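query-v5.cif, holding mmCIF, C-alpha atoms:
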```
data_protein
loop_
_atom_site.group_PDB
_atom_site.id
_atom_site.type_symbol
_atom_site.label_atom_id
_atom_site.label_comp_id
_atom_site.auth_asym_id
_atom_site.auth_seq_id
_atom_site.Cartn_x
_atom_site.Cartn_y
_atom_site.Cartn_z
ATOM 1 C CA THR A 1 -14.677 -10.053 0.395
ATOM 2 C CA SER A 2 -14.792 -6.549 -0.942
ATOM 3 C CA PRO A 3 -11.922 -6.268 -3.430
ATOM 4 C CA ALA A 4 -11.211 -2.758 -2.120
ATOM 5 C CA GLU A 5 -10.008 -4.265 1.117
ATOM 6 C CA HIS A 6 -6.649 -5.456 -0.226
ATOM 7 C CA CYS A 7 -6.551 -8.694 1.703
ATOM 8 C CA THR A 8 -5.838 -12.289 0.773
ATOM 9 C CA SER A 9 -6.994 -15.477 2.377
ATOM 10 C CA GLU A 10 -6.444 -19.186 2.826
ATOM 11 C CA HIS A 11 -8.359 -22.266 3.806
ATOM 12 C CA ALA A 12 -6.910 -24.470 6.517
ATOM 13 C CA ASN A 13 -7.541 -28.086 7.378
ATOM 14 C CA MET A 14 -8.946 -27.955 10.898
ATOM 15 C CA GLY A 15 -10.508 -30.388 13.320
ATOM 16 C CA THR A 16 -13.994 -30.105 14.736
ATOM 17 C CA SER A 17 -15.155 -27.522 17.251
ATOM 18 C CA VAL A 18 -12.714 -24.903 15.989
ATOM 19 C CA VAL A 19 -13.298 -21.181 15.702
ATOM 20 C CA PHE A 20 -11.101 -19.950 12.854
ATOM 21 C CA ILE A 21 -11.638 -16.347 11.790
ATOM 22 C CA PHE A 22 -9.732 -14.389 9.167
ATOM 23 C CA PHE A 23 -9.388 -10.666 9.826
ATOM 24 C CA CYS A 24 -8.266 -7.844 7.604
ATOM 25 C CA ALA A 25 -7.618 -4.344 8.926
ATOM 26 C CA THR A 26 -8.573 -2.053 6.074
ATOM 27 C CA LEU A 27 -8.729 1.578 5.163
ATOM 28 C CA TRP A 28 -12.416 1.935 4.340
ATOM 29 C CA THR A 29 -12.909 3.307 0.838
ATOM 30 C CA GLY A 30 -16.590 2.650 0.246
ATOM 31 C CA VAL A 31 -15.719 0.809 -2.981
ATOM 32 C CA SER A 32 -17.783 -2.373 -3.319
ATOM 33 C CA SER A 33 -16.043 -4.044 -6.262
ATOM 34 C CA TYR A 34 -12.946 -3.947 -8.411
ATOM 35 C CA VAL A 35 -13.451 -1.842 -11.553
ATOM 36 C CA TYR A 36 -12.288 -3.902 -14.517
ATOM 37 C CA GLN A 37 -10.460 -2.186 -17.345
ATOM 38 C CA ARG A 38 -12.542 -2.186 -20.543
ATOM 39 C CA ILE A 39 -10.653 -2.176 -23.843
ATOM 40 C CA GLY A 40 -12.217 -1.731 -27.270
ATOM 41 C CA MET A 41 -10.242 -3.129 -30.200
ATOM 42 C CA SER A 42 -11.908 -0.925 -32.826
ATOM 43 C CA THR A 43 -10.485 2.389 -31.578
ATOM 44 C CA ASN A 44 -7.001 1.121 -30.738
ATOM 45 C CA ASP A 45 -5.625 -0.134 -34.048
ATOM 46 C CA ASN A 46 -1.803 -0.375 -33.898
ATOM 47 C CA GLN A 47 -1.787 0.968 -30.331
ATOM 48 C CA ARG A 48 0.283 -0.432 -27.474
ATOM 49 C CA LEU A 49 -1.881 -0.622 -24.359
ATOM 50 C CA THR A 50 -0.846 -1.186 -20.751
ATOM 51 C CA LEU A 51 -2.877 -3.828 -18.945
ATOM 52 C CA GLN A 52 -4.116 -3.451 -15.368
ATOM 53 C CA ASP A 53 -4.757 -6.360 -12.973
ATOM 54 C CA ALA A 54 -7.700 -7.594 -15.054
ATOM 55 C CA GLY A 55 -10.189 -6.416 -17.624
ATOM 56 C CA TRP A 56 -12.330 -7.073 -20.680
ATOM 57 C CA ILE A 57 -11.337 -6.971 -24.343
ATOM 58 C CA SER A 58 -14.121 -6.638 -26.926
ATOM 59 C CA TRP A 59 -14.864 -4.824 -30.184
ATOM 60 C CA THR A 60 -15.734 -1.519 -28.469
ATOM 61 C CA THR A 61 -16.067 -0.519 -24.825
ATOM 62 C CA GLY A 62 -19.828 -0.229 -25.353
ATOM 63 C CA THR A 63 -20.593 -3.377 -27.341
ATOM 64 C CA ASP A 64 -19.111 -6.801 -28.063
ATOM 65 C CA GLN A 65 -20.636 -6.825 -31.585
ATOM 66 C CA TYR A 66 -18.004 -6.433 -34.311
ATOM 67 C CA GLU A 67 -18.374 -5.008 -37.803
ATOM 68 C CA ASP A 68 -17.772 -6.411 -41.304
ATOM 69 C CA SER A 69 -14.529 -5.993 -43.284
ATOM 70 C CA GLN A 70 -12.223 -5.127 -40.390
ATOM 71 C CA ASP A 71 -8.506 -5.724 -39.832
ATOM 72 C CA ILE A 72 -7.391 -4.430 -36.440
ATOM 73 C CA ARG A 73 -4.205 -5.186 -34.506
ATOM 74 C CA VAL A 74 -3.617 -4.163 -30.866
ATOM 75 C CA TYR A 75 -0.525 -4.712 -28.726
ATOM 76 C CA PHE A 76 -0.893 -5.442 -25.010
ATOM 77 C CA GLU A 77 1.760 -5.133 -22.308
ATOM 78 C CA ALA A 78 1.640 -6.204 -18.651
ATOM 79 C CA PRO A 79 4.298 -5.426 -15.996
ATOM 80 C CA ALA A 80 7.686 -7.096 -16.469
ATOM 81 C CA GLY A 81 7.866 -10.554 -14.939
ATOM 82 C CA THR A 82 4.150 -11.254 -15.294
ATOM 83 C CA ARG A 83 2.104 -13.223 -17.810
ATOM 84 C CA ILE A 84 -1.323 -12.768 -19.365
ATOM 85 C CA LEU A 85 -4.284 -15.145 -19.101
ATOM 86 C CA LEU A 86 -7.032 -14.818 -21.712
ATOM 87 C CA ILE A 87 -10.414 -16.458 -21.077
ATOM 88 C CA PHE A 88 -12.791 -16.450 -24.046
ATOM 89 C CA GLN A 89 -15.809 -15.559 -21.969
ATOM 90 C CA ASP A 90 -18.355 -14.991 -24.745
ATOM 91 C CA ILE A 91 -17.499 -15.397 -28.423
ATOM 92 C CA ASP A 92 -19.529 -15.857 -31.600
ATOM 93 C CA ILE A 93 -17.113 -15.524 -34.503
ATOM 94 C CA GLU A 94 -18.105 -16.907 -37.902
ATOM 95 C CA GLN A 95 -17.220 -20.611 -37.915
ATOM 96 C CA HIS A 96 -14.915 -22.069 -40.569
ATOM 97 C CA SER A 97 -12.683 -25.166 -40.627
ATOM 98 C CA ASN A 98 -9.516 -23.041 -40.594
ATOM 99 C CA CYS A 99 -11.109 -19.759 -39.429
ATOM 100 C CA GLY A 100 -10.790 -18.348 -42.927
ATOM 101 C CA TYR A 101 -13.693 -15.877 -42.652
ATOM 102 C CA ASP A 102 -13.693 -13.997 -39.337
ATOM 103 C CA ARG A 103 -11.054 -14.664 -36.674
ATOM 104 C CA LEU A 104 -9.020 -13.550 -33.705
ATOM 105 C CA GLU A 105 -5.280 -14.153 -33.980
ATOM 106 C CA ILE A 106 -3.243 -14.283 -30.753
ATOM 107 C CA TYR A 107 0.518 -13.747 -30.938
ATOM 108 C CA ASP A 108 2.834 -14.470 -28.017
ATOM 109 C CA ARG A 109 4.892 -11.370 -28.807
ATOM 110 C CA ILE A 110 4.625 -7.851 -30.190
ATOM 111 C CA THR A 111 4.447 -8.146 -33.965
ATOM 112 C CA SER A 112 3.125 -6.050 -36.826
ATOM 113 C CA SER A 113 4.164 -8.539 -39.505
ATOM 114 C CA THR A 114 1.338 -9.679 -41.767
ATOM 115 C CA SER A 115 3.244 -12.923 -42.446
ATOM 116 C CA ALA A 116 3.767 -13.826 -38.769
ATOM 117 C CA VAL A 117 2.160 -17.094 -37.686
ATOM 118 C CA PRO A 118 -0.092 -16.686 -34.618
ATOM 119 C CA GLU A 119 0.131 -19.013 -31.615
ATOM 120 C CA ARG A 120 -3.666 -19.232 -31.629
ATOM 121 C CA THR A 121 -6.377 -18.606 -34.242
ATOM 122 C CA VAL A 122 -9.894 -18.393 -32.848
ATOM 123 C CA CYS A 123 -13.357 -18.612 -34.420
ATOM 124 C CA GLY A 124 -16.649 -20.270 -33.498
ATOM 125 C CA THR A 125 -18.349 -20.089 -30.119
ATOM 126 C CA SER A 126 -15.810 -21.525 -27.664
ATOM 127 C CA GLU A 127 -12.065 -21.665 -27.114
ATOM 128 C CA ASN A 128 -9.650 -22.885 -24.431
ATOM 129 C CA ASP A 129 -7.803 -20.364 -22.276
ATOM 130 C CA PHE A 130 -4.665 -18.769 -23.679
ATOM 131 C CA VAL A 131 -1.636 -18.215 -21.411
ATOM 132 C CA SER A 132 1.174 -16.019 -22.664
ATOM 133 C CA ALA A 133 4.838 -16.958 -22.405
ATOM 134 C CA SER A 134 5.828 -13.444 -21.362
ATOM 135 C CA ASN A 135 4.292 -10.090 -20.433
ATOM 136 C CA VAL A 136 3.335 -9.059 -23.988
ATOM 137 C CA ILE A 137 0.855 -10.270 -26.601
ATOM 138 C CA THR A 138 -0.612 -9.057 -29.883
ATOM 139 C CA ILE A 139 -4.264 -9.581 -30.776
ATOM 140 C CA ARG A 140 -5.416 -9.173 -34.366
ATOM 141 C CA PHE A 141 -9.067 -9.243 -35.388
ATOM 142 C CA LYS A 142 -10.014 -9.782 -39.025
ATOM 143 C CA SER A 143 -13.504 -10.071 -40.528
ATOM 144 C CA ASP A 144 -14.930 -10.446 -44.038
ATOM 145 C CA GLY A 145 -18.133 -8.869 -45.337
ATOM 146 C CA SER A 146 -20.632 -11.677 -44.880
ATOM 147 C CA ARG A 147 -21.591 -11.943 -41.213
ATOM 148 C CA GLN A 148 -21.271 -10.044 -37.958
ATOM 149 C CA GLY A 149 -20.625 -11.574 -34.554
ATOM 150 C CA HIS A 150 -19.172 -10.688 -31.172
ATOM 151 C CA PHE A 151 -16.357 -11.465 -28.765
ATOM 152 C CA ARG A 152 -15.642 -10.710 -25.133
ATOM 153 C CA LEU A 153 -12.353 -11.791 -23.588
ATOM 154 C CA LEU A 154 -11.438 -11.663 -19.915
ATOM 155 C CA TYR A 155 -7.768 -10.983 -19.304
ATOM 156 C CA THR A 156 -5.933 -11.400 -16.010
ATOM 157 C CA VAL A 157 -2.319 -10.477 -15.282
ATOM 158 C CA PHE A 158 -0.587 -13.070 -13.074
ATOM 159 C CA ASN A 159 2.717 -14.656 -12.183
ATOM 160 C CA TYR A 160 3.854 -18.023 -10.924
ATOM 161 C CA GLY A 161 5.558 -18.271 -7.546
ATOM 162 C CA SER A 162 5.992 -20.686 -4.672
ATOM 163 C CA ASN A 163 4.757 -17.904 -2.399
ATOM 164 C CA CYS A 164 2.573 -15.032 -3.558
ATOM 165 C CA SER A 165 3.271 -11.537 -2.246
ATOM 166 C CA ALA A 166 1.149 -9.925 0.467
ATOM 167 C CA ASP A 167 -1.031 -8.128 -2.083
ATOM 168 C CA GLU A 168 -1.659 -11.240 -4.167
ATOM 169 C CA CYS A 169 -3.889 -14.279 -3.944
ATOM 170 C CA LYS A 170 -2.644 -17.732 -4.919
ATOM 171 C CA CYS A 171 -4.849 -19.917 -7.087
ATOM 172 C CA THR A 172 -4.747 -23.685 -6.684
ATOM 173 C CA ASN A 173 -3.081 -23.920 -10.102
ATOM 174 C CA GLY A 174 -0.144 -21.890 -8.750
ATOM 175 C CA ARG A 175 -1.018 -18.556 -10.349
ATOM 176 C CA CYS A 176 -0.686 -15.425 -8.208
ATOM 177 C CA ILE A 177 -3.340 -12.839 -9.024
ATOM 178 C CA SER A 178 -4.046 -9.451 -7.471
ATOM 179 C CA ALA A 179 -5.825 -9.719 -4.119
ATOM 180 C CA LEU A 180 -8.227 -7.043 -5.397
ATOM 181 C CA LEU A 181 -9.760 -9.701 -7.654
ATOM 182 C CA HIS A 182 -10.322 -12.299 -4.958
ATOM 183 C CA GLY A 183 -13.932 -13.347 -4.398
ATOM 184 C CA ASP A 184 -15.496 -10.684 -6.640
ATOM 185 C CA GLY A 185 -17.658 -13.175 -8.544
ATOM 186 C CA VAL A 186 -15.348 -13.342 -11.573
ATOM 187 C CA ASN A 187 -12.994 -16.309 -11.844
ATOM 188 C CA ASN A 188 -9.572 -14.891 -12.691
ATOM 189 C CA CYS A 189 -7.628 -18.099 -12.033
ATOM 190 C CA GLY A 190 -8.593 -19.864 -15.277
ATOM 191 C CA SER A 191 -11.536 -21.783 -16.726
ATOM 192 C CA THR A 192 -10.396 -25.106 -15.227
ATOM 193 C CA ASP A 193 -9.550 -23.649 -11.794
ATOM 194 C CA VAL A 194 -12.452 -22.374 -9.683
ATOM 195 C CA SER A 195 -10.300 -21.329 -6.726
ATOM 196 C CA ASP A 196 -11.080 -17.634 -7.167
ATOM 197 C CA ASP A 197 -14.849 -18.159 -7.162
ATOM 198 C CA ASP A 198 -14.677 -20.674 -4.330
ATOM 199 C CA SER A 199 -12.362 -18.484 -2.207
ATOM 200 C CA VAL A 200 -9.696 -21.105 -1.656
ATOM 201 C CA CYS A 201 -6.769 -18.862 -2.361
ATOM 202 C CA ASP A 202 -3.651 -19.632 -0.430
ATOM 203 C CA ASN A 203 -1.092 -17.352 1.182
ATOM 204 C CA GLU A 204 1.438 -18.098 3.918
ATOM 205 C CA GLY A 205 2.808 -16.026 6.746
ATOM 206 C CA TYR A 206 -0.259 -14.591 8.514
ATOM 207 C CA THR A 207 -0.258 -14.018 12.247
ATOM 208 C CA VAL A 208 -2.503 -16.313 14.315
ATOM 209 C CA LEU A 209 -3.963 -14.651 17.405
ATOM 210 C CA ALA A 210 -5.213 -16.920 20.179
ATOM 211 C CA MET A 211 -8.287 -16.242 22.301
ATOM 212 C CA HIS A 212 -7.070 -18.709 24.935
ATOM 213 C CA GLY A 213 -4.490 -17.092 27.166
ATOM 214 C CA ASN A 214 -5.516 -13.532 26.267
ATOM 215 C CA ASN A 215 -8.656 -13.085 28.389
ATOM 216 C CA GLY A 216 -9.149 -9.390 29.131
ATOM 217 C CA GLN A 217 -6.209 -8.369 26.904
ATOM 218 C CA THR A 218 -6.138 -5.769 24.109
ATOM 219 C CA LEU A 219 -4.326 -7.095 21.035
ATOM 220 C CA THR A 220 -3.050 -4.936 18.182
ATOM 221 C CA LEU A 221 -3.961 -6.186 14.718
ATOM 222 C CA GLU A 222 -1.590 -6.230 11.765
ATOM 223 C CA ASP A 223 -2.835 -5.890 8.166
ATOM 224 C CA ALA A 224 -4.347 -9.394 8.161
ATOM 225 C CA GLY A 225 -4.270 -12.655 10.096
ATOM 226 C CA TYR A 226 -6.267 -15.310 11.901
ATOM 227 C CA ILE A 227 -8.093 -15.511 15.228
ATOM 228 C CA SER A 228 -8.442 -18.984 16.719
ATOM 229 C CA TRP A 229 -8.769 -20.667 20.098
ATOM 230 C CA THR A 230 -5.019 -21.290 20.291
ATOM 231 C CA THR A 231 -2.134 -20.496 17.939
ATOM 232 C CA SER A 232 -1.909 -24.214 17.138
ATOM 233 C CA ASN A 233 -5.576 -24.155 16.049
ATOM 234 C CA SER A 234 -6.636 -26.848 18.518
ATOM 235 C CA ASP A 235 -10.253 -27.424 19.576
ATOM 236 C CA TYR A 236 -11.638 -25.122 22.230
ATOM 237 C CA ALA A 237 -12.214 -26.397 25.778
ATOM 238 C CA ASN A 238 -15.464 -26.813 27.713
ATOM 239 C CA SER A 239 -16.795 -24.277 30.233
ATOM 240 C CA GLN A 240 -14.952 -21.226 28.931
ATOM 241 C CA ASP A 241 -15.828 -17.517 29.047
ATOM 242 C CA ILE A 242 -13.169 -15.468 27.296
ATOM 243 C CA ARG A 243 -13.274 -11.826 26.142
ATOM 244 C CA VAL A 244 -10.479 -10.338 24.027
ATOM 245 C CA TYR A 245 -10.235 -6.773 22.692
ATOM 246 C CA PHE A 246 -8.771 -6.114 19.238
ATOM 247 C CA ARG A 247 -7.459 -2.789 17.998
ATOM 248 C CA ALA A 248 -6.518 -1.771 14.433
ATOM 249 C CA PRO A 249 -4.569 1.378 13.489
ATOM 250 C CA THR A 250 -6.463 4.668 13.650
ATOM 251 C CA GLY A 251 -8.597 5.295 10.567
ATOM 252 C CA LYS A 252 -9.031 1.625 9.704
ATOM 253 C CA ARG A 253 -11.887 -0.790 10.240
ATOM 254 C CA ILE A 254 -11.838 -4.552 10.745
ATOM 255 C CA LEU A 255 -13.331 -7.165 8.441
ATOM 256 C CA LEU A 256 -14.027 -10.599 9.985
ATOM 257 C CA MET A 257 -14.568 -13.625 7.746
ATOM 258 C CA PHE A 258 -15.768 -16.815 9.454
ATOM 259 C CA TYR A 259 -13.670 -19.248 7.478
ATOM 260 C CA ASN A 260 -13.804 -22.465 9.469
ATOM 261 C CA ILE A 261 -16.122 -22.784 12.438
ATOM 262 C CA ASP A 262 -17.768 -25.701 14.219
ATOM 263 C CA ILE A 263 -19.540 -24.357 17.308
ATOM 264 C CA GLU A 264 -22.304 -26.331 19.028
ATOM 265 C CA ASP A 265 -25.548 -25.394 17.316
ATOM 266 C CA ASN A 266 -28.619 -24.035 19.114
ATOM 267 C CA THR A 267 -31.580 -21.924 17.938
ATOM 268 C CA ASN A 268 -30.430 -18.900 19.973
ATOM 269 C CA CYS A 269 -26.752 -19.930 20.420
#
```
Could the structure of this file be written out as C-alpha cells, please?
Amino acid sequence: TSPAEHCTSEHANMGTSVVFIFFCATLWTGVSSYVYQRIGMSTNDNQRLTLQDAGWISWTTGTDQYEDSQDIRVYFEAPAGTRILLIFQDIDIEQHSNCGYDRLEIYDRITSSTSAVPERTVCGTSENDFVSASNVITIRFKSDGSRQGHFRLLYTVFNYGSNCSADECKCTNGRCISALLHGDGVNNCGSTDVSDDDSVCDNEGYTVLAMHGNNGQTLTLEDAGYISWTTSNSDYANSQDIRVYFRAPTGKRILLMFYNIDIEDNTNC
C-alpha cells in the first residue's frame, strides 16, 4: 500500500472460493512513500530531539561514516505513552572485547552524566534490537583516533495494546506502529518479526460489505473495510451475476487490495 493512504489491514483465515477485498477510501495526495526522518548525531550534540513515526540515526544526515576522536550525546523523545525500537541496520564500529575503542552507548533515560551506566554498549558489525522502557532515550557516540567506521540505526516509535487505533497497524509481536509505515518495504516491527514486510498487520473493527444481497445497490464506503460475498465471508454460490456500486466521499478515491481470493482460474477469466 502507499503509506500516504492512511489505512491499516489484516489477514483473515478464509475457506476456498472466497473473494475478500480490502478497501481504503483515501484523500489522494500523490505521495508514494513515507518520508523517514533523518537525524545526524554530529550536529546535535547535547540536543533534545523529537522523534517522528520512524527514521534513521547516523553520524550525519549525508553520510553514515563517523570521524575520529568524537564524544557526542543526543537525547531523543517520542510522544508520551510510546516506546522506541532501535534496529541496528548497518554498523561497522571498531571491534573490542568491551567496546573500549569506538562505541555507541544507549541509555534508557535522559542523562548527561559521564558516570552513568548504559543499558547497551554497541561495537562491531551487528547488534540485537533495542527496545526502550519509556518514551525517552539517550545515545552517546564515542570514538578514539585509530579507525573510522559507520553506523545507521532505524528507529520506530510504537506502543503495545490489545487493539491498535484506527491510524495504527498491529505487528504480530503486539507492537502498534503508524499505519503510514505499513508495507513500505522497511520492516518497522523488529528484526525477528517480519509482519510489516509481509503485510500481516492486524486491526479489528472494519466494516464488511457483502456483494450477495446488494445486487444493483449503491453502497457508501467508510474510511476502510472489506468487500466479500457475504458478511460472514462464506464461499460464493454458483451461477451468479451480481453488480454493486460503491461510493466514497467527494474528493476521495478508492484503493482495492485483493487480500484473499480463490476464483476459478481461466486464461481469460
Enumerate, as a ChimeraX atom specification, the residues matched when the PyMOL selection byres ((chain A and resi 45-59) around 7) is run on the file above.
/A:36-44,60-61,63-66,72-78,151-157,178
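The coordinates place CA of Asp193 (chain A) at 11.1 Å from CA of Asp129 (chain A).
Picture a line from CA of Ala248 (chain A) to CA of Ala179 (chain A); it runs 20.2 Å.
Here CA of Leu255 (chain A) stands at a distance of 11.3 Å from CA of Tyr226 (chain A).
Residues captured in this structure file are Asp68, Ser69, Tyr101, Ser143, Asp144, Gly145, Arg147 and Gln148 of chain A, according to the PyMOL selection byres ((chain A and resi 146) around 9).
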Exercise: Arg83 (chain A) partners within 6 Å, only C-alpha atoms, chain neighbours under 3 positions left out, as a PDB file with C-alpha atoms, in the frame of the given file:
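Output contents, as saved in selection.pdb:
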```pdb
ATOM      1  CA  SER A 132       1.174 -16.019 -22.664  1.00  0.00           C
ATOM      2  CA  SER A 134       5.828 -13.444 -21.362  1.00  0.00           C
ATOM      3  CA  ASN A 135       4.292 -10.090 -20.433  1.00  0.00           C
ATOM      4  CA  VAL A 157      -2.319 -10.477 -15.282  1.00  0.00           C
ATOM      5  CA  PHE A 158      -0.587 -13.070 -13.074  1.00  0.00           C
ATOM      6  CA  ASN A 159       2.717 -14.656 -12.183  1.00  0.00           C
TER       7      ASN A 159
END
```
With distances taken over all atoms listed in the file, which residue among A:Glu67, A:Asp223, A:Asp92, A:Glu127 lies nearest Asp167 (chain A)?
A:Asp223
From the options A:Ala133, A:Cys189, A:Cys176, A:Val208, which residue's atoms come nearest to Tyr107 (chain A), counting all atoms listed in the file?
A:Ala133
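Using all atoms listed in the file, the shortest contact distance between Leu85 (chain A) and any of A:Ser165, A:Ile177, A:Asp71, A:Arg140 is found at A:Ile177.
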Can you spell out as an NGL selection string the set of residues that the PyMOL selection byres ((chain A and resi 123) around 8) selects in the structure I just provided?
:A and (91-96 or 99 or 102-104 or 121-122 or 124-126)
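Distance annotation: of A:Ser191, A:Asn215, A:Ser228, A:Thr138, the residue with the minimal separation from Asp241 (chain A) is A:Asn215; atom set is all atoms listed in the file.
Of the residues listed (A:Thr250, A:Thr207, A:Ser162, A:Asn128), A:Asn128 shows the shortest atom-to-atom separation from Thr192 (chain A); distances use all atoms listed in the file.
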Please, what is the axis-aligned box for every listed atom of region 74-83 of chain A with 3 Å on each side, as centre and edge lengths in Å to one decimal, as lines of an AutoDock Vina configuration file?
```
center_x = 2.1
center_y = -8.7
center_z = -22.9
size_x = 17.5
size_y = 15.1
size_z = 21.9
```
With the input short on atoms, add all heavy atoms back to region 150-158 of chain A and write it as an mmCIF file, in the coordinates of the input.
```cif
data_model
loop_
_atom_site.group_PDB
_atom_site.id
_atom_site.type_symbol
_atom_site.label_atom_id
_atom_site.label_comp_id
_atom_site.auth_asym_id
_atom_site.auth_seq_id
_atom_site.Cartn_x
_atom_site.Cartn_y
_atom_site.Cartn_z
ATOM 1 N N HIS A 150 -19.657 -11.422 -32.346
ATOM 2 C CA HIS A 150 -19.172 -10.688 -31.172
ATOM 3 C C HIS A 150 -18.102 -11.483 -30.461
ATOM 4 O O HIS A 150 -17.969 -12.694 -30.658
ATOM 5 C CB HIS A 150 -20.327 -10.357 -30.225
ATOM 6 C CG HIS A 150 -20.970 -11.569 -29.609
ATOM 7 N ND1 HIS A 150 -22.083 -12.172 -30.147
ATOM 8 C CD2 HIS A 150 -20.641 -12.296 -28.506
ATOM 9 C CE1 HIS A 150 -22.428 -13.208 -29.398
ATOM 10 N NE2 HIS A 150 -21.564 -13.320 -28.398
ATOM 11 N N PHE A 151 -17.331 -10.801 -29.634
ATOM 12 C CA PHE A 151 -16.357 -11.465 -28.765
ATOM 13 C C PHE A 151 -16.149 -10.631 -27.512
ATOM 14 O O PHE A 151 -16.224 -9.405 -27.538
ATOM 15 C CB PHE A 151 -15.025 -11.711 -29.490
ATOM 16 C CG PHE A 151 -14.312 -10.471 -29.971
ATOM 17 C CD1 PHE A 151 -13.430 -9.776 -29.145
ATOM 18 C CD2 PHE A 151 -14.518 -10.011 -31.262
ATOM 19 C CE1 PHE A 151 -12.776 -8.640 -29.598
ATOM 20 C CE2 PHE A 151 -13.858 -8.880 -31.730
ATOM 21 C CZ PHE A 151 -12.981 -8.189 -30.897
ATOM 22 N N ARG A 152 -15.921 -11.335 -26.434
ATOM 23 C CA ARG A 152 -15.642 -10.710 -25.133
ATOM 24 C C ARG A 152 -14.639 -11.585 -24.407
ATOM 25 O O ARG A 152 -14.940 -12.731 -24.042
ATOM 26 C CB ARG A 152 -16.924 -10.559 -24.316
ATOM 27 C CG ARG A 152 -16.765 -9.723 -23.053
ATOM 28 C CD ARG A 152 -18.124 -9.493 -22.413
ATOM 29 N NE ARG A 152 -18.082 -8.516 -21.362
ATOM 30 C CZ ARG A 152 -18.496 -8.739 -20.113
ATOM 31 N NH1 ARG A 152 -18.953 -9.941 -19.783
ATOM 32 N NH2 ARG A 152 -18.440 -7.800 -19.208
ATOM 33 N N LEU A 153 -13.448 -11.054 -24.224
ATOM 34 C CA LEU A 153 -12.353 -11.791 -23.588
ATOM 35 C C LEU A 153 -12.076 -11.202 -22.209
ATOM 36 O O LEU A 153 -12.047 -9.974 -22.042
ATOM 37 C CB LEU A 153 -11.076 -11.694 -24.428
ATOM 38 C CG LEU A 153 -10.922 -12.590 -25.657
ATOM 39 C CD1 LEU A 153 -12.054 -12.410 -26.645
ATOM 40 C CD2 LEU A 153 -9.582 -12.316 -26.336
ATOM 41 N N LEU A 154 -11.886 -12.075 -21.239
ATOM 42 C CA LEU A 154 -11.438 -11.663 -19.915
ATOM 43 C C LEU A 154 -9.936 -11.871 -19.832
ATOM 44 O O LEU A 154 -9.445 -12.966 -20.084
ATOM 45 C CB LEU A 154 -12.136 -12.489 -18.834
ATOM 46 C CG LEU A 154 -11.603 -12.327 -17.399
ATOM 47 C CD1 LEU A 154 -11.890 -10.926 -16.866
ATOM 48 C CD2 LEU A 154 -12.214 -13.387 -16.473
ATOM 49 N N TYR A 155 -9.199 -10.810 -19.517
ATOM 50 C CA TYR A 155 -7.768 -10.983 -19.304
ATOM 51 C C TYR A 155 -7.441 -10.809 -17.829
ATOM 52 O O TYR A 155 -8.099 -10.053 -17.107
ATOM 53 C CB TYR A 155 -6.947 -10.003 -20.159
ATOM 54 C CG TYR A 155 -6.815 -8.603 -19.577
ATOM 55 C CD1 TYR A 155 -5.898 -8.338 -18.556
ATOM 56 C CD2 TYR A 155 -7.604 -7.553 -20.039
ATOM 57 C CE1 TYR A 155 -5.793 -7.066 -18.011
ATOM 58 C CE2 TYR A 155 -7.492 -6.290 -19.497
ATOM 59 C CZ TYR A 155 -6.576 -6.051 -18.480
ATOM 60 O OH TYR A 155 -6.471 -4.791 -17.928
ATOM 61 N N THR A 156 -6.442 -11.538 -17.370
ATOM 62 C CA THR A 156 -5.933 -11.400 -16.010
ATOM 63 C C THR A 156 -4.409 -11.439 -16.063
ATOM 64 O O THR A 156 -3.832 -12.318 -16.705
ATOM 65 C CB THR A 156 -6.447 -12.526 -15.094
ATOM 66 O OG1 THR A 156 -7.880 -12.520 -15.081
ATOM 67 C CG2 THR A 156 -5.937 -12.331 -13.664
ATOM 68 N N VAL A 157 -3.777 -10.502 -15.396
ATOM 69 C CA VAL A 157 -2.319 -10.477 -15.282
ATOM 70 C C VAL A 157 -1.925 -11.282 -14.045
ATOM 71 O O VAL A 157 -2.505 -11.107 -12.969
ATOM 72 C CB VAL A 157 -1.811 -9.030 -15.167
ATOM 73 C CG1 VAL A 157 -0.314 -8.990 -14.909
ATOM 74 C CG2 VAL A 157 -2.159 -8.251 -16.439
ATOM 75 N N PHE A 158 -0.970 -12.201 -14.188
ATOM 76 C CA PHE A 158 -0.587 -13.070 -13.074
ATOM 77 C C PHE A 158 0.886 -13.406 -13.169
ATOM 78 O O PHE A 158 1.572 -13.077 -14.143
ATOM 79 C CB PHE A 158 -1.425 -14.356 -13.098
ATOM 80 C CG PHE A 158 -1.017 -15.324 -14.176
ATOM 81 C CD1 PHE A 158 -0.137 -16.366 -13.903
ATOM 82 C CD2 PHE A 158 -1.484 -15.185 -15.486
ATOM 83 C CE1 PHE A 158 0.261 -17.255 -14.895
ATOM 84 C CE2 PHE A 158 -1.089 -16.063 -16.484
ATOM 85 C CZ PHE A 158 -0.219 -17.102 -16.188
#
```
